[in-house]
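Each remark here refers to the structure printed beneath this line.
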Amino acid sequence: MKLDLTVNGTQVSVETEPTRRLSDVLREDLGLSGTKIGCEAGDCGSCTVLVDGEPANACTTLAGSVQRRTVVTIEGLLDTPEFEALEDTFLDEGAAQCGFCIPGILVSAVKVLRESPEPTEDDILTGLAGNLCRCTGYRKIVQAVKRAGRRDLGGAESPPPGKAVGARVRRVDGIERVRGQARYGDDVAPKECLGIAVVRSPHPFAGFRIGDIGRFLEEHPGVVDVCTARDVPGRNEFGVLPGFEDQPVFAESEARYRGEAVAMIVGAPDVLEQAVAEFPISWEPKPPVLDVDDARRPGAPELHRGRDGNILVEGRVEKGDVAAALESAHVVVEGDFETQFVEHAYIEPEAGYAYRVGDRLVVHVTTQTPYMDRDGIAAILGIEPESVRVVPTAVGGGFGGKLDLSIQPFLALAAWRTGQPVRIRYTRPESMETTTKRHPARIHVRLGVSETGRLLGMDFRGDFNTGAYASWGPTVANRVPIHAGGPYRYDAYRALTAAVHTNGPPAGAFRGFGVPQAAIAQECMLDVAADALGIDPLEFRLQNALTPGDATVTGQVLEGGLGYRDCLEALKPYWEEALEEAAAFNASNDRLRRGVGVAGAWYGCGNTSLPNPSTMKVGLRASGEVVLFQGAMDIGQGSSTVLSQICADALGVPLDAIRCESADTDQTPDAGKTSASRQTFISGNATYLAATQLRRKLLAVAGASEDAALEIRDGQLVVHDRGKTSTVDLAGLAADSDGFVAVEQATYDPPTSPLDELGQGNPYAVYGYGAQLAELVVDLELGTVELIRITAAHDVGRAVNPSLVEGQIQGGIAQGIGLALMEEYVPGRSANLHDYLIPTIGDVPEIRTILVESHDPEGPYGAKGVGEHSLIPTAPAILNAIRHATGVRVHRVPVIPSALRELLRAGGVAVGSGI
Amino acid sequence: MAYLAPTTLDAALQALGEDSWLVVAGGTDVLPAHVGRSLPERVLDISGIDELRGVEVGSDIVRIGALTTWSEIRSHPGLPEALRGLQVAAGTIGARQVQNAGTVGGNLCNASPAADGVPPLLTLDASVELASVQGKRRLSLSDFLLGPRQTALQPGELLTAVEIPVPPADGVAGFSKLGSRAHLVISIVSVASLVRLSPAGTVEDIRLAVASCAPTGKRLSKLERDLRGEELSESLVDQIGPQDLVELSPIDDIRGSAEYRREACVVMVRRLLMEACRR
Ligand SMILES: Cc1cc2nc3c(=O)[nH]c(=O)nc-3n(C[C@H](O)[C@H](O)[C@H](O)COP(=O)(O)OP(=O)(O)OC[C@H]3O[C@@H](n4cnc5c(N)ncnc54)[C@H](O)[C@@H]3O)c2cc1C
Ligand code: FES
Ligand code: FES
């Protein structure tokens, strides 16, 4: 059908199927890729456009229905006064992180400003309620829209040389993200690509037989290739940890989780749907192993040969005699806790494109870890890693979920075998069903305290449902025992964990690697103990907090960079005020109860006791351009900006002199994966070293001393040394084949030591700390929780970019809110963003962020990571506040209204604890 | 693949009389149900039939065209007070993008047990107008909704309008929705009320309806009967309990337990009544 419409002010005419989604027509036929696709179900708002001036989701709009109507996309708003103001305030606030949701949000925000030029908070919340963002926690977005309304614009000044670290500079890649011009996984493929459809198990556990593929191919002329386990040229097994490559690209005879791939069909995009439906396969479902108890039951099916009792890995940290410590305790409290599968729900689903050039393969993909992707793909294809080039696209959020291979093997095999360019984008249900999850945990904790409130011993036992394959299960099993005590001193401690296989989706890495689950148990038990002793929960934490010179439960003695006490102290005035407000509120309310809760956290940055290097390269061209080869994937958290800031200061040049060359395994050295809150710390150190080396080299060229000031302008190196200025003409220096007159590369690997069999040693070189305070109101009759405010104090060592750090904290808090109150992935039931609920803009309350700077001796300029730390205290702080408000102990999250009401009904002592 | 986008009701009915089609109005239920799948072979896009759009406020009937969007209802400046609950409900359906596209007709024909448009319309004794080439017929909304995804719509028929007999002006209408998050949420329970009190405070007329607690939205007829003629007071309202909600048959699902739904429904009814009492 010929579709005539006005798009962004221009009359266009497109020949298209009228029953396609408008989002597809805009993106594919009109090249307007600022309209993003996150769900195709109206749930996320990333496809928001204006139809006849009103916001609509392009994904739920039939192309035929906009015949002769007017459509405006983000591209059509760029020159409007509303957008210009919003662009400025969004950049200034740091309101865009990964940026994937941002075009949709800005379309909605333009509409808000058109309706109410100076919008109130309510106007903004209502206007943006249909747009999900998984990164930011929304607060900076709200602020940016308010400021745009007031025309309170920021200046985009650059800090003076040497002052980039610590400055609230704008993201170096911000403009393209705000304008909808950043190219994500689904934005890079050329028009003519073959499509890929994956045949998947509809059962959690089933044997299967594949029928006659030759005949299938004959009957489906548009199908170019079919690939099953037999056709994988290299190893039909992958994984993220050496020795744990247990996940097949295609199951061989048995599928171990719902959604597991068994075959792939490559062909013209329009034949795939039918081809998958008609794929010759028969299934023999078996009773699945659903949870940890099921898996450990004698006689349970063994999901992986050699993993007795379905146990993948066990972890242990043990210090002192915990039985004796609990025996001698004045009070022993104990509790059981349970968490569920949690979905990353990045708004960008997995997407990418690949093509073969002779004996090499090029893969463009949204990923957190280009080098691991490269090596994994090479092993599957049975070729050398150097034969694979991975060029990451912009990444629309990851949170740990884009560390494992997902679409990569399919893209690689399809392009390799057919020799044609191929493309794939997971649907939202496919993304949710088949990629990793946060581990559901079953935890038992016993905690013993002395009469005066000293923590004597903790006995922790945690079973983590690691699903069908290993993924990052071993990491979780090993990281949790180290962290399960929290940032406190214990005389004796024992933490035992197990990662246990079930027929659930593979549980992998998700912001915190199991520590958030453990912290729920541990921080809630601290409150129970404080209560039993009649001690104020904040005082109790202060009394037991690790302080410099203390040894951790692994025997690591911490000296510098330990700001946990400072975080707690920073919360104190707010804590006292909040308690008073709660008491006053509760005195005059009987159906609503207000509560205040506190919780703390610590988190080791980087791999646990394993090598974890990052390599960075900095080069200077004769033109004077400084290029930072930035292989540390910026998945929205801001590593490109932070590393540029470090580079600028270490080199001694202004920030805008630095250009970031983004990750490409052919170009950038391996900076390691973006996980474990390691990039600022580890890649930051590598950047610092490389830039410092480059600086020394340049000073040597100019014959200047170490503390000379250095300038690069008009192709000249200008050096001011002890009152004298000398210049070196850069064009006069010999350039290498890449055009660099000077280039330096440096590697940093944090100093850690292996843990012994009792888990003793120095697993991390740097730890971050934080504490949060949650204030909320519980509706006793409905079991609903209304958050009033979160106050978060985090020791970030040094805030290289305070705006970005705040963004990380607020985003982590939003995910912590989800973990506590609403998020539960049930395989086969909630594989969409309609039934799987993540916080909307109305679910994140005011957040007060306090940055504590302890100047870590190991971190670059004293900085350390914060990406994961921020999520950990939120859920326990909320649960502690619920308990304070109602007296009810929550032991299972998410505590949805129905669940909280049930607890209130059973144990509803509507009195607070002894505070 | 056939696609038809008629601009008149007659043309649409003609097509429906000849063949079976998947009707699409705002598409906000249909398209999400087809993620990763193409639409069926024959699609009848009725979104261009202007005569089915808009609200007519008459002296005794308010007629809402099937294609009227939730946004139009939400922000309509001239609706009688009794429709305030419907307007509040309109503002809770998804968010702006959904309200701008989603239609009242689609909400009713989709027949989700959780449809938020249903409780207020039930309290208004709304009826639906159904049209086919054979002509028009009218059904009360409660007769139209048969079960989850089931309606009395016959092959060849379109829902053309919702008609509401305007109740006396002094009724107080309310709507309240409970979900696990602030926006974009399927109701765990939603409740609508319409109450008229005498100057002395006795209940002259009362209508209560609930969604997400039965295969379709339901009126709470027993409770209405029990309260009619009573003096509305806090102590009376506090006596309302689950035993009064005989029409409900809630189920356990991931959004909440059956028991919780009953209990929450009681609380929400009480609160709406107290609100009516205060106004
Ligand atoms: C993100 C999101 C959030 C939502 N939130 C809510 C919510 O909070 N509460 C709620 O109740 N709903 C919600 N919905 C569902 C939906 O938006 C509403 O039900 C809406 O009113 C449907 O209208 P529509 O015009 O889009 O229907 P369509 O999708 O076009 O059609 C729905 C069904 O009705 C049929 N149909 C439509 N019009 C007619 C007609 N005139 N005659 C005969 N058959 C017809 C169609 O064939 C189809 O079966 C939500 C949807 C989304 C995507
Ligand atoms: S709402 Fe359209 S893609 Fe999510
Ligand atoms: S910035 Fe909103 S989803 Fe990433």
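We label chains A, B, ... in the order they appear in the structure tokens, count residues from 1 in each chain, and number ligands from 1 in the order shown.
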
**Request:** Taking only C-alpha atoms and all ligand atoms into account, report as a list in words which residues have an atom no farther than 6 Å from an atom of ligand 2.
**Result:** Ile37, Gly38, Cys39, Glu40, Ala41, Gly42, Asp43, Cys44, Gly45, Ser46, Cys47, Asn57, Ala58 and Cys59 of chain A

**Request:** For Ser705 of chain A, work out the shell of residues within 10 Å, counting only C-alpha atoms and skipping chain neighbours fewer than 6 positions away, then give it as a ChimeraX atom specification.
**Result:** /A:696,699,719-722

**Item:** Test item: chain B residues at most 9 Å from chain A, counting only C-alpha atoms, as number ranges by chain
**Value:** B: 1, 3-5, 24, 26-39, 43, 45-48, 94-101, 178-186, 254-257, 259-261, 263-264, 267-268

Would you mind exporting C-alpha atoms of the selected residues as an mmCIF file, in the first residue's frame?
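Everything below was put into again_11.cif:
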data_model
loop_
_atom_site.group_PDB
_atom_site.id
_atom_site.type_symbol
_atom_site.label_atom_id
_atom_site.label_comp_id
_atom_site.auth_asym_id
_atom_site.auth_seq_id
_atom_site.Cartn_x
_atom_site.Cartn_y
_atom_site.Cartn_z
ATOM 1 C CA MET B 1 -2.712 -9.969 3.270
ATOM 2 C CA TYR B 3 -6.038 -4.487 4.934
ATOM 3 C CA LEU B 4 -9.036 -2.240 4.894
ATOM 4 C CA ALA B 5 -9.315 1.158 6.494
ATOM 5 C CA VAL B 24 -8.133 -2.839 15.122
ATOM 6 C CA GLY B 26 -6.224 2.064 18.779
ATOM 7 C CA GLY B 27 -4.151 -1.104 18.545
ATOM 8 C CA THR B 28 -2.978 -0.907 22.161
ATOM 9 C CA ASP B 29 -4.336 -4.350 22.979
ATOM 10 C CA VAL B 30 -3.970 -5.935 19.560
ATOM 11 C CA LEU B 31 -0.357 -5.071 18.784
ATOM 12 C CA PRO B 32 1.083 -6.066 22.168
ATOM 13 C CA ALA B 33 -0.627 -9.415 21.681
ATOM 14 C CA HIS B 34 1.403 -9.898 18.495
ATOM 15 C CA VAL B 35 4.972 -9.329 19.608
ATOM 16 C CA GLY B 36 7.223 -11.267 17.278
ATOM 17 C CA ARG B 37 4.220 -12.412 15.267
ATOM 18 C CA SER B 38 2.559 -10.867 12.295
ATOM 19 C CA LEU B 39 -1.082 -9.903 12.391
ATOM 20 C CA VAL B 43 -7.118 -6.564 9.220
ATOM 21 C CA ASP B 45 -8.560 -0.809 10.728
ATOM 22 C CA ILE B 46 -11.514 1.182 12.007
ATOM 23 C CA SER B 47 -9.458 4.055 13.398
ATOM 24 C CA GLY B 48 -10.401 6.330 10.495
ATOM 25 C CA GLY B 94 -1.436 3.010 30.935
ATOM 26 C CA ALA B 95 0.038 6.444 30.451
ATOM 27 C CA ARG B 96 -0.344 9.296 27.984
ATOM 28 C CA GLN B 97 0.780 7.333 24.927
ATOM 29 C CA VAL B 98 -1.744 4.602 25.678
ATOM 30 C CA GLN B 99 -4.532 7.023 26.539
ATOM 31 C CA ASN B 100 -3.983 8.913 23.289
ATOM 32 C CA ALA B 101 -4.457 5.789 21.205
ATOM 33 C CA LEU B 178 -4.521 -0.503 43.113
ATOM 34 C CA GLY B 179 -1.348 -1.755 41.442
ATOM 35 C CA SER B 180 2.188 -2.768 42.341
ATOM 36 C CA ARG B 181 3.670 0.372 40.860
ATOM 37 C CA ALA B 182 2.719 3.970 40.268
ATOM 38 C CA HIS B 183 1.941 3.996 36.555
ATOM 39 C CA LEU B 184 1.536 1.669 33.598
ATOM 40 C CA VAL B 185 0.127 -1.084 35.685
ATOM 41 C CA ILE B 186 -2.564 -3.670 35.364
ATOM 42 C CA ILE B 254 1.327 -13.044 40.310
ATOM 43 C CA ARG B 255 -0.291 -9.715 41.113
ATOM 44 C CA GLY B 256 -1.914 -10.855 44.315
ATOM 45 C CA SER B 257 -3.805 -13.559 46.150
ATOM 46 C CA GLU B 259 -7.862 -13.296 49.648
ATOM 47 C CA TYR B 260 -5.897 -10.100 49.280
ATOM 48 C CA ARG B 261 -8.067 -8.946 46.415
ATOM 49 C CA GLU B 263 -9.745 -7.598 51.374
ATOM 50 C CA ALA B 264 -8.319 -4.766 49.294
ATOM 51 C CA VAL B 267 -10.831 -1.275 51.931
ATOM 52 C CA MET B 268 -11.136 0.584 48.649
#

**Request:** Give the strand (DSSP E or B) residues of segment 13-255 of chain B, as assigned by DSSP on the backbone, as a ChimeraX atom specification.
**Result:** /B:22-24,42-45,55-57,61-65,69,103,127-132,135-140,145-147,150-151,158-165,172-178,189-197,202-211,218-219,231,253

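Using only C-alpha atoms, the nearest neighbour of Tyr603 of chain A within the list A:Arg889, A:His869, A:Lys146, A:Arg511 is A:His869.
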
**Prompt:** Once you count only C-alpha atoms and all ligand atoms, which residues end up within 9 Å of ligand 3, and could you hand them over as a ChimeraX atom specification?
**Reply:** /A:46,95-102,105,131-138,177,346-348,395-398,635-637

**Asked** Smallest atom-to-atom distance to Arg279 of chain B: which of B:Cys265, B:Leu197, B:Val62, B:Leu220, using only C-alpha atoms?
**Response** B:Leu197

**Prompt:** Rounded to one decimal in Å, what is the spacing between atom CA of Gly214 of chain A and atom CA of Trp283 of chain A?
**Reply:**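 Separation between atom CA of Gly214 of chain A and atom CA of Trp283 of chain A: 19.6 Å.
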
**Message:** I'd like the neighbourhood of Arg53 of chain B as a ChimeraX atom specification, where a residue qualifies if any of its atoms comes within 9 Å (using only C-alpha atoms), though same-chain residues fewer than 3 positions away should be ignored.
**Reply:** /B:47,49-50,64-69,161

Please, could you write that set of residues out with C-alpha atoms as a short mmCIF file (atom, residue, chain, number, x, y, z; two decimals), in the first residue's frame?
data_model
loop_
_atom_site.label_atom_id
_atom_site.label_comp_id
_atom_site.auth_asym_id
_atom_site.auth_seq_id
_atom_site.Cartn_x
_atom_site.Cartn_y
_atom_site.Cartn_z
CA SER B 47 -9.46 4.05 13.40
CA ILE B 49 -14.17 6.18 11.03
CA ASP B 50 -14.73 9.65 12.37
CA ILE B 64 -19.51 8.08 23.76
CA GLY B 65 -18.41 6.91 20.35
CA ALA B 66 -16.52 3.62 20.37
CA LEU B 67 -13.38 5.25 19.01
CA THR B 68 -13.25 7.95 21.64
CA THR B 69 -9.84 7.75 23.23
CA ALA B 161 -21.06 3.56 21.05
#

**Request:** Using DSSP on the backbone coordinates, identify all residues within segment 459-517 of chain A classified as helix (DSSP H, G or I); present the result as a list in words.
**Result:**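 Matching residues, listed in order: Gly473, Pro474, Thr475, Val476, Ala477, Asn478, Arg479, Val480, Pro481, Ile482, His483, Val515, Pro516 and Gln517 of chain A.
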
May I have the residues from that selection written out with N, CA and C atoms, as an mmCIF file, in the first residue's frame?
data_model
loop_
_atom_site.group_PDB
_atom_site.id
_atom_site.type_symbol
_atom_site.label_atom_id
_atom_site.label_comp_id
_atom_site.auth_asym_id
_atom_site.auth_seq_id
_atom_site.Cartn_x
_atom_site.Cartn_y
_atom_site.Cartn_z
ATOM 1 N N GLY A 473 27.742 -18.154 37.851
ATOM 2 C CA GLY A 473 27.396 -18.783 39.121
ATOM 3 C C GLY A 473 28.588 -18.941 40.050
ATOM 4 N N PRO A 474 29.751 -19.391 39.543
ATOM 5 C CA PRO A 474 30.912 -19.529 40.434
ATOM 6 C C PRO A 474 31.327 -18.185 41.045
ATOM 7 N N THR A 475 31.211 -17.122 40.272
ATOM 8 C CA THR A 475 31.573 -15.803 40.791
ATOM 9 C C THR A 475 30.674 -15.419 41.957
ATOM 10 N N VAL A 476 29.377 -15.685 41.777
ATOM 11 C CA VAL A 476 28.429 -15.373 42.841
ATOM 12 C C VAL A 476 28.750 -16.208 44.081
ATOM 13 N N ALA A 477 28.966 -17.506 43.876
ATOM 14 C CA ALA A 477 29.236 -18.387 45.021
ATOM 15 C C ALA A 477 30.498 -17.965 45.759
ATOM 16 N N ASN A 478 31.460 -17.391 45.037
ATOM 17 C CA ASN A 478 32.706 -16.987 45.687
ATOM 18 C C ASN A 478 32.690 -15.573 46.229
ATOM 19 N N ARG A 479 31.931 -14.698 45.612
ATOM 20 C CA ARG A 479 31.919 -13.308 46.050
ATOM 21 C C ARG A 479 31.055 -13.120 47.293
ATOM 22 N N VAL A 480 29.960 -13.864 47.330
ATOM 23 C CA VAL A 480 29.025 -13.673 48.442
ATOM 24 C C VAL A 480 29.654 -13.957 49.811
ATOM 25 N N PRO A 481 30.365 -15.077 49.986
ATOM 26 C CA PRO A 481 30.879 -15.338 51.336
ATOM 27 C C PRO A 481 31.818 -14.242 51.846
ATOM 28 N N ILE A 482 32.515 -13.600 50.943
ATOM 29 C CA ILE A 482 33.429 -12.530 51.358
ATOM 30 C C ILE A 482 32.640 -11.322 51.858
ATOM 31 N N HIS A 483 31.494 -11.063 51.196
ATOM 32 C CA HIS A 483 30.746 -9.842 51.493
ATOM 33 C C HIS A 483 29.589 -10.038 52.464
ATOM 34 N N VAL A 515 25.624 -10.201 46.010
ATOM 35 C CA VAL A 515 25.795 -9.451 47.262
ATOM 36 C C VAL A 515 24.499 -8.731 47.679
ATOM 37 N N PRO A 516 23.728 -8.180 46.737
ATOM 38 C CA PRO A 516 22.476 -7.542 47.170
ATOM 39 C C PRO A 516 21.549 -8.523 47.896
ATOM 40 N N GLN A 517 21.504 -9.768 47.422
ATOM 41 C CA GLN A 517 20.644 -10.752 48.091
ATOM 42 C C GLN A 517 21.162 -11.009 49.513
#

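Near Val805 of chain A, within 10 Å and counting only C-alpha atoms, sit Gly94, Arg168, Gln637, Gly638, Val642, His794, Val796, Arg798, Ala799, Gly811, Thr849, Leu851, Gly865, Val866, Gly867 and Ser870 of chain A, not including residues fewer than 6 positions from it in the same chain.
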
Selection above as a file: N, CA and C atoms, as an mmCIF file, in the first residue's frame:
data_model
loop_
_atom_site.group_PDB
_atom_site.id
_atom_site.type_symbol
_atom_site.label_atom_id
_atom_site.label_comp_id
_atom_site.auth_asym_id
_atom_site.auth_seq_id
_atom_site.Cartn_x
_atom_site.Cartn_y
_atom_site.Cartn_z
ATOM 1 N N GLY A 94 23.312 15.520 33.489
ATOM 2 C CA GLY A 94 23.723 14.121 33.336
ATOM 3 C C GLY A 94 22.497 13.226 33.381
ATOM 4 N N ARG A 168 32.070 18.609 37.276
ATOM 5 C CA ARG A 168 30.808 18.087 36.743
ATOM 6 C C ARG A 168 30.763 18.323 35.245
ATOM 7 N N GLN A 637 27.258 4.114 31.987
ATOM 8 C CA GLN A 637 27.749 4.576 33.289
ATOM 9 C C GLN A 637 28.682 5.762 33.139
ATOM 10 N N GLY A 638 29.310 5.917 31.968
ATOM 11 C CA GLY A 638 30.101 7.115 31.736
ATOM 12 C C GLY A 638 31.590 6.909 31.690
ATOM 13 N N VAL A 642 34.719 9.660 32.198
ATOM 14 C CA VAL A 642 35.585 9.579 33.370
ATOM 15 C C VAL A 642 37.037 9.320 32.954
ATOM 16 N N HIS A 794 27.643 7.651 49.940
ATOM 17 C CA HIS A 794 28.552 6.641 49.384
ATOM 18 C C HIS A 794 29.986 7.133 49.375
ATOM 19 N N VAL A 796 32.996 7.082 47.525
ATOM 20 C CA VAL A 796 33.405 6.787 46.149
ATOM 21 C C VAL A 796 34.897 7.069 45.964
ATOM 22 N N ARG A 798 37.047 9.230 45.343
ATOM 23 C CA ARG A 798 37.064 10.585 44.818
ATOM 24 C C ARG A 798 36.057 10.597 43.688
ATOM 25 N N ALA A 799 35.178 11.581 43.681
ATOM 26 C CA ALA A 799 34.176 11.662 42.620
ATOM 27 C C ALA A 799 34.821 12.303 41.401
ATOM 28 N N GLY A 811 20.543 5.470 39.902
ATOM 29 C CA GLY A 811 20.122 4.331 39.083
ATOM 30 C C GLY A 811 20.148 3.033 39.871
ATOM 31 N N THR A 849 21.663 12.680 47.656
ATOM 32 C CA THR A 849 22.907 11.949 47.451
ATOM 33 C C THR A 849 24.048 12.672 48.158
ATOM 34 N N LEU A 851 28.115 12.508 48.698
ATOM 35 C CA LEU A 851 29.337 11.845 48.236
ATOM 36 C C LEU A 851 30.413 11.976 49.309
ATOM 37 N N GLY A 865 35.125 2.412 42.432
ATOM 38 C CA GLY A 865 33.870 2.141 41.734
ATOM 39 C C GLY A 865 32.655 2.395 42.599
ATOM 40 N N VAL A 866 31.511 2.548 41.945
ATOM 41 C CA VAL A 866 30.268 2.773 42.689
ATOM 42 C C VAL A 866 29.082 2.094 42.012
ATOM 43 N N GLY A 867 29.283 1.592 40.795
ATOM 44 C CA GLY A 867 28.170 1.089 39.987
ATOM 45 C C GLY A 867 27.292 0.082 40.701
ATOM 46 N N SER A 870 25.754 0.988 44.910
ATOM 47 C CA SER A 870 24.584 1.817 45.163
ATOM 48 C C SER A 870 23.313 0.999 45.256
#

**For segment 80-90 of chain B: contacts at 9 Å, only C-alpha atoms, fewer than 2 positions along chain excluded, given as a ChimeraX atom specification** = /B:57,62,69-76,78,92-94,99,116-121,124,166-177,190,192-195

**Point-to-point distance in Å for atom CA of Pro242 of chain A and atom CA of Thr615 of chain A** =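 Taking atom CA of Thr615 of chain A as the start and atom CA of Pro242 of chain A as the end point, the length is 20.6 Å.
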
**Message:** Could you list, as a ChimeraX atom specification, every residue within 7 Å of Asp186 of chain A, counting only C-alpha atoms and ignoring same-chain residues fewer than 5 positions away?
**Reply:** /A:351-352,425

Kindly export the residues of the current selection with N, CA and C atoms, as a tab-separated table (two decimals), in the first residue's frame.
chain	number	residue	atom	x	y	z
A	351	ALA	N	20.92	-6.95	20.23
A	351	ALA	CA	20.81	-6.74	18.78
A	351	ALA	C	22.20	-6.57	18.20
A	352	GLY	N	22.31	-6.89	16.92
A	352	GLY	CA	23.58	-6.69	16.26
A	352	GLY	C	23.55	-7.15	14.82
A	425	ARG	N	17.59	-8.98	16.12
A	425	ARG	CA	17.22	-8.25	17.33
A	425	ARG	C	16.27	-9.14	18.09

**Asked** Could you work out how far atom CA of Gly560 of chain A lies from atom CA of Gly797 of chain A, giving the answer in Å with one decimal?
**Response** 9.9 Å

**Request:** Choose the residue, out of B:Gln14, B:Val128, B:Ser187, B:Pro77, that has the smallest atom-to-atom separation from ligand 1; count only C-alpha atoms and all ligand atoms.
**Result:**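 Among B:Gln14, B:Val128, B:Ser187, B:Pro77, it is B:Ser187 that comes nearest to ligand 1.
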
**Request:** Mind checking which residues fall within 10 Å of His344 of chain A, counting only C-alpha atoms, ignoring those fewer than 5 positions away in the same chain, and posting them as a ChimeraX atom specification?
**Result:** /A:134,397-402,431-432,435-438,509-511,815,838

**Message:** Measuring between only C-alpha atoms and all ligand atoms, which one of B:Pro113, B:Pro148, B:Gly17, B:Gly201 shows the shortest distance to ligand 1?
**Reply:**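 So, comparing all the options, the nearest one is B:Pro113.
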